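Just model26.tsv here, TSV, C-alpha atoms:
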chain	number	residue	atom	x	y	z
A	1145	MET	CA	0.00	0.00	0.00
A	1146	GLY	CA	2.98	2.27	0.54
A	1147	THR	CA	3.78	2.13	-3.17
A	1148	ILE	CA	0.26	3.34	-3.99
A	1149	PHE	CA	0.72	6.35	-1.73
A	1150	GLY	CA	4.20	6.95	-3.13
A	1151	PHE	CA	2.81	6.84	-6.66
A	1152	LEU	CA	-0.02	9.29	-5.88
A	1153	TYR	CA	2.24	11.77	-4.11
A	1154	GLY	CA	4.92	11.27	-6.76
A	1155	LEU	CA	2.48	12.51	-9.38
A	1156	LEU	CA	2.11	15.71	-7.37
A	1157	LYS	CA	5.77	16.26	-6.47
A	1158	SER	CA	6.05	19.19	-8.85
A	1159	ILE	CA	3.70	21.06	-6.49
A	1160	PHE	CA	5.73	20.65	-3.28
A	1161	GLY	CA	9.25	20.04	-4.57
A	1162	ASN	CA	11.58	17.17	-5.36
A	1163	ASP	CA	13.65	17.47	-2.17
A	1164	LEU	CA	10.60	17.04	0.05
A	1165	ASN	CA	9.47	14.19	-2.20
A	1166	GLU	CA	12.79	12.40	-1.74
A	1167	TYR	CA	12.70	12.99	2.02
A	1168	LEU	CA	9.18	11.59	2.31
A	1169	LYS	CA	10.10	8.56	0.20
A	1170	GLY	CA	12.90	7.89	2.67
A	1171	SER	CA	15.67	8.40	0.11
A	1172	TYR	CA	17.64	10.59	2.50
A	1173	GLY	CA	18.89	9.28	5.80
A	1174	SER	CA	17.02	11.18	8.46
A	1175	GLY	CA	19.00	10.23	11.50
A	1176	GLY	CA	16.17	8.23	13.06
A	1177	ASP	CA	13.39	5.74	12.54
A	1178	ASP	CA	10.62	8.25	13.15
A	1179	SER	CA	10.92	10.05	9.84
A	1180	VAL	CA	7.83	11.11	7.96
A	1181	THR	CA	6.89	8.71	5.19
A	1182	TYR	CA	4.34	8.69	2.43
A	1183	PHE	CA	2.85	5.58	3.94
A	1184	GLY	CA	2.04	7.21	7.28
A	1185	ILE	CA	0.56	10.37	5.82
A	1186	GLY	CA	-1.21	8.51	3.02
A	1187	LEU	CA	-2.73	5.99	5.41
A	1188	LEU	CA	-3.95	8.74	7.72
A	1189	THR	CA	-5.45	10.59	4.74
A	1190	PHE	CA	-7.18	7.42	3.55
A	1191	ILE	CA	-8.58	6.76	7.04
A	1192	LEU	CA	-9.87	10.35	7.29
A	1193	ALA	CA	-11.57	10.08	3.89
A	1194	ALA	CA	-13.11	6.71	4.77
A	1195	ALA	CA	-14.30	7.91	8.17
A	1196	PHE	CA	-15.89	11.12	6.90
A	1197	SER	CA	-17.56	9.42	3.95
A	1198	PHE	CA	-18.87	6.70	6.28
A	1199	LEU	CA	-20.21	9.35	8.65
A	1200	TYR	CA	-21.90	11.12	5.75
A	1201	TYR	CA	-23.55	7.98	4.39
A	1202	LYS	CA	-24.52	6.52	7.72
A	1203	PHE	CA	-25.58	9.54	9.75
A	1204	ALA	CA	-26.01	12.64	7.58
A	1205	PRO	CA	-29.61	13.73	7.23
A	1206	VAL	CA	-31.11	13.27	3.81
A	1207	SER	CA	-31.77	16.67	2.28
A	1208	LYS	CA	-32.96	18.07	-1.02
A	1209	SER	CA	-29.42	19.07	-1.95
A	1210	LYS	CA	-27.69	15.70	-2.13
A	1211	CYS	CA	-24.64	16.98	-3.95
A	1212	GLY	CA	-24.26	20.04	-1.75
A	1213	ALA	CA	-24.09	18.07	1.46
A	1214	TRP	CA	-21.77	15.49	-0.08
A	1215	VAL	CA	-19.41	18.18	-1.38
A	1216	VAL	CA	-19.36	19.97	1.98
A	1217	TRP	CA	-18.40	16.77	3.78
A	1218	GLY	CA	-15.70	16.17	1.16
A	1219	LEU	CA	-14.32	19.67	1.58
A	1220	ILE	CA	-14.22	19.28	5.36
A	1221	THR	CA	-12.33	16.02	4.90
A	1222	ALA	CA	-9.89	17.65	2.47
A	1223	ALA	CA	-9.27	20.63	4.74
A	1224	ILE	CA	-8.52	18.43	7.74
A	1225	ALA	CA	-6.25	16.15	5.69
A	1226	GLY	CA	-4.38	19.16	4.30
A	1227	LEU	CA	-3.81	20.64	7.74
A	1228	VAL	CA	-2.67	17.31	9.17
A	1229	ALA	CA	-0.15	16.84	6.35
A	1230	TYR	CA	1.14	20.40	6.68
A	1231	PHE	CA	1.65	20.20	10.45
A	1232	TRP	CA	3.17	16.71	10.23
A	1233	VAL	CA	5.80	17.78	7.70
A	1234	LYS	CA	6.28	21.19	9.33
A	1235	GLY	CA	6.94	19.39	12.63
A	1236	ASP	CA	9.79	17.48	11.01
A	1237	LEU	CA	11.16	20.70	9.52
A	1238	ASP	CA	11.04	22.51	12.87
A	1239	ALA	CA	12.62	19.55	14.67
A	1240	GLY	CA	15.57	19.57	12.26
A	1241	ARG	CA	14.93	16.05	10.94
A	1242	MET	CA	15.10	17.03	7.29
A	1243	ILE	CA	18.75	16.27	6.80
A	1244	GLN	CA	20.77	14.33	4.29
A	1245	VAL	CA	23.12	11.75	5.74
A	1246	THR	CA	26.14	10.98	3.54
A	1247	ASP	CA	29.58	9.48	4.08
A	1248	ASP	CA	30.90	13.03	4.48
A	1249	GLY	CA	28.44	13.89	7.27
A	1250	THR	CA	25.04	15.52	7.38
A	1251	SER	CA	23.56	18.57	5.74
A	1252	ASN	CA	20.20	20.30	5.85
A	1253	LEU	CA	17.90	19.72	2.91
A	1254	PRO	CA	16.77	22.81	1.00
A	1255	ILE	CA	13.19	22.50	2.26
A	1256	ASN	CA	11.27	25.45	3.68
A	1257	VAL	CA	7.80	26.31	4.96
A	1258	SER	CA	6.42	26.89	1.46
A	1259	ASN	CA	7.25	23.27	0.58
A	1260	CYS	CA	5.24	22.19	3.64
A	1261	ILE	CA	2.30	24.39	2.64
A	1262	PHE	CA	2.27	23.00	-0.88
A	1263	PHE	CA	2.52	19.46	0.46
A	1264	GLY	CA	-0.63	20.21	2.48
A	1265	VAL	CA	-2.28	21.38	-0.75
A	1266	SER	CA	-1.17	18.17	-2.46
A	1267	ASN	CA	-2.66	16.17	0.37
A	1268	VAL	CA	-5.97	18.00	-0.16
A	1269	ILE	CA	-5.96	16.69	-3.74
A	1270	VAL	CA	-5.13	13.14	-2.62
A	1271	SER	CA	-7.85	13.33	0.02
A	1272	CYS	CA	-10.42	14.37	-2.58
A	1273	VAL	CA	-9.43	11.43	-4.79
A	1274	PHE	CA	-9.79	9.02	-1.87
A	1275	TYR	CA	-13.13	10.57	-0.86
A	1276	VAL	CA	-14.60	10.14	-4.35
A	1277	LEU	CA	-13.31	6.58	-4.70
A	1278	ILE	CA	-14.59	5.57	-1.29
A	1279	SER	CA	-17.94	7.16	-2.15
A	1280	PHE	CA	-18.19	4.85	-5.15
A	1281	VAL	CA	-17.58	1.90	-2.83
A	1282	TRP	CA	-20.30	3.07	-0.42
A	1283	ARG	CA	-22.66	3.54	-3.37
A	1284	LEU	CA	-21.96	0.01	-4.56
A	1285	LEU	CA	-22.53	-1.37	-1.07
A	1286	ALA	CA	-25.79	0.57	-0.78
A	1287	LYS	CA	-26.95	-0.82	-4.10
A	1288	HIS	CA	-26.57	-4.32	-2.68
A	1289	ARG	CA	-28.21	-3.31	0.63
A	1290	VAL	CA	-25.05	-3.92	2.66
A	1291	ILE	CA	-25.17	-0.52	4.35
A	1292	SER	CA	-27.74	2.14	5.22
A	1293	HIS	CA	-30.13	3.65	2.72
A	1294	ASN	CA	-28.53	7.09	3.19
A	1295	ALA	CA	-25.70	5.90	0.97
A	1296	ALA	CA	-28.18	5.74	-1.88
A	1297	ASN	CA	-28.18	9.53	-1.80
A	1298	VAL	CA	-24.71	9.95	-3.20
A	1299	PRO	CA	-24.92	12.38	-6.13
A	1300	PHE	CA	-23.64	10.00	-8.80

Entire entry expressed as structure tokens:
Amino acid sequence: MGTIFGFLYGLLKSIFGNDLNEYLKGSYGSGGDDSVTYFGIGLLTFILAAAFSFLYYKFAPVSKSKCGAWVVWGLITAAIAGLVAYFWVKGDLDAGRMIQVTDDGTSNLPINVSNCIFFGVSNVIVSCVFYVLISFVWRLLAKHRVISHNAANVPF
């Protein structure tokens, strides 16, 4: 599953920068086992998207504006996922973990706060993709009466 996350974020690396991409892939030695990885952030983003879409389909009141409510829940999910990714990566930057370990020693990577902000934006995009895909799954399950009837109200 880590390769799926790596692939998705790799498609968006032009947004947040190649150095941050390499750091998140684990290409640079970080001086510890607690480095940020695509797998950790991607898994958390997937769990957020699954949880919010489940909450929408299971508990959201059915209204006349099916698409509006669905989009709002998706935007809330995306905003939370973007903030989580930003603060996770920014925490590593502030802690000084974004270093390159070589035979000659260590050096700081050329990563700054703007890279962290744009990684948060990239995570918003990934979150939206997950939210839509998971919504298709809930719709399929609702069609076969596996879950609540509210899932039948997905806008597609």

Select, from A:Asn1259, A:Thr1246, A:Ser1197, A:Asn1267, the residue with the minimum atom-to-atom distance to Tyr1182 (chain A), counting all atoms listed in the file. A:Asn1267

What separates CA of Thr1181 (chain A) and CA of Leu1277 (chain A) is a distance of 22.6 Å

Counting all atoms listed in the file, note down every residue that has an atom within 10 Å of the point (-8.8, 9.6, 7.3) (file coordinates), as number ranges by chain. A: 1185-1197, 1221-1222, 1224-1225, 1271, 1274-1275

Which residues come within 9 Å of region 1148-1163 of chain A, counting all atoms listed in the file, excluding same-chain residues fewer than 2 positions away, as an mmCIF file with C-alpha atoms, in the coordinates of the input?
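Ended up saving to selection31.cif:
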data_model
loop_
_atom_site.group_PDB
_atom_site.id
_atom_site.type_symbol
_atom_site.label_atom_id
_atom_site.label_comp_id
_atom_site.auth_asym_id
_atom_site.auth_seq_id
_atom_site.Cartn_x
_atom_site.Cartn_y
_atom_site.Cartn_z
ATOM 1 C CA MET A 1145 0.000 0.000 0.000
ATOM 2 C CA GLY A 1146 2.980 2.270 0.540
ATOM 3 C CA ASN A 1165 9.470 14.190 -2.200
ATOM 4 C CA GLU A 1166 12.790 12.400 -1.740
ATOM 5 C CA TYR A 1167 12.700 12.990 2.020
ATOM 6 C CA LEU A 1168 9.180 11.590 2.310
ATOM 7 C CA LYS A 1169 10.100 8.560 0.200
ATOM 8 C CA THR A 1181 6.890 8.710 5.190
ATOM 9 C CA TYR A 1182 4.340 8.690 2.430
ATOM 10 C CA PHE A 1183 2.850 5.580 3.940
ATOM 11 C CA ILE A 1185 0.560 10.370 5.820
ATOM 12 C CA GLY A 1186 -1.210 8.510 3.020
ATOM 13 C CA LEU A 1187 -2.730 5.990 5.410
ATOM 14 C CA LEU A 1253 17.900 19.720 2.910
ATOM 15 C CA PRO A 1254 16.770 22.810 1.000
ATOM 16 C CA ILE A 1255 13.190 22.500 2.260
ATOM 17 C CA SER A 1258 6.420 26.890 1.460
ATOM 18 C CA ASN A 1259 7.250 23.270 0.580
ATOM 19 C CA CYS A 1260 5.240 22.190 3.640
ATOM 20 C CA ILE A 1261 2.300 24.390 2.640
ATOM 21 C CA PHE A 1262 2.270 23.000 -0.880
ATOM 22 C CA PHE A 1263 2.520 19.460 0.460
ATOM 23 C CA GLY A 1264 -0.630 20.210 2.480
ATOM 24 C CA VAL A 1265 -2.280 21.380 -0.750
ATOM 25 C CA SER A 1266 -1.170 18.170 -2.460
ATOM 26 C CA ASN A 1267 -2.660 16.170 0.370
ATOM 27 C CA ILE A 1269 -5.960 16.690 -3.740
ATOM 28 C CA VAL A 1270 -5.130 13.140 -2.620
#

Ranking A:Ala1229, A:Val1245, A:Leu1285, A:Leu1199 by minimum distance to Trp1217 (chain A) and counting all atoms listed in the file, which one comes first?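 Checking each candidate against Trp1217 (chain A), we get A:Leu1199 as the closest.
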
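The spacing separating CA of Phe1203 (chain A) from CA of Gly1184 (chain A) amounts to 27.8 Å.
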
Just give me the gap between CA of Thr1147 (chain A) and CA of Leu1284 (chain A) in Å, one decimal is fine. 25.9 Å

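Residue nearest Val1268 (chain A), chosen from A:Tyr1230, A:Asp1236, A:Arg1241, A:Phe1198 and counting all atoms listed in the file: A:Tyr1230.
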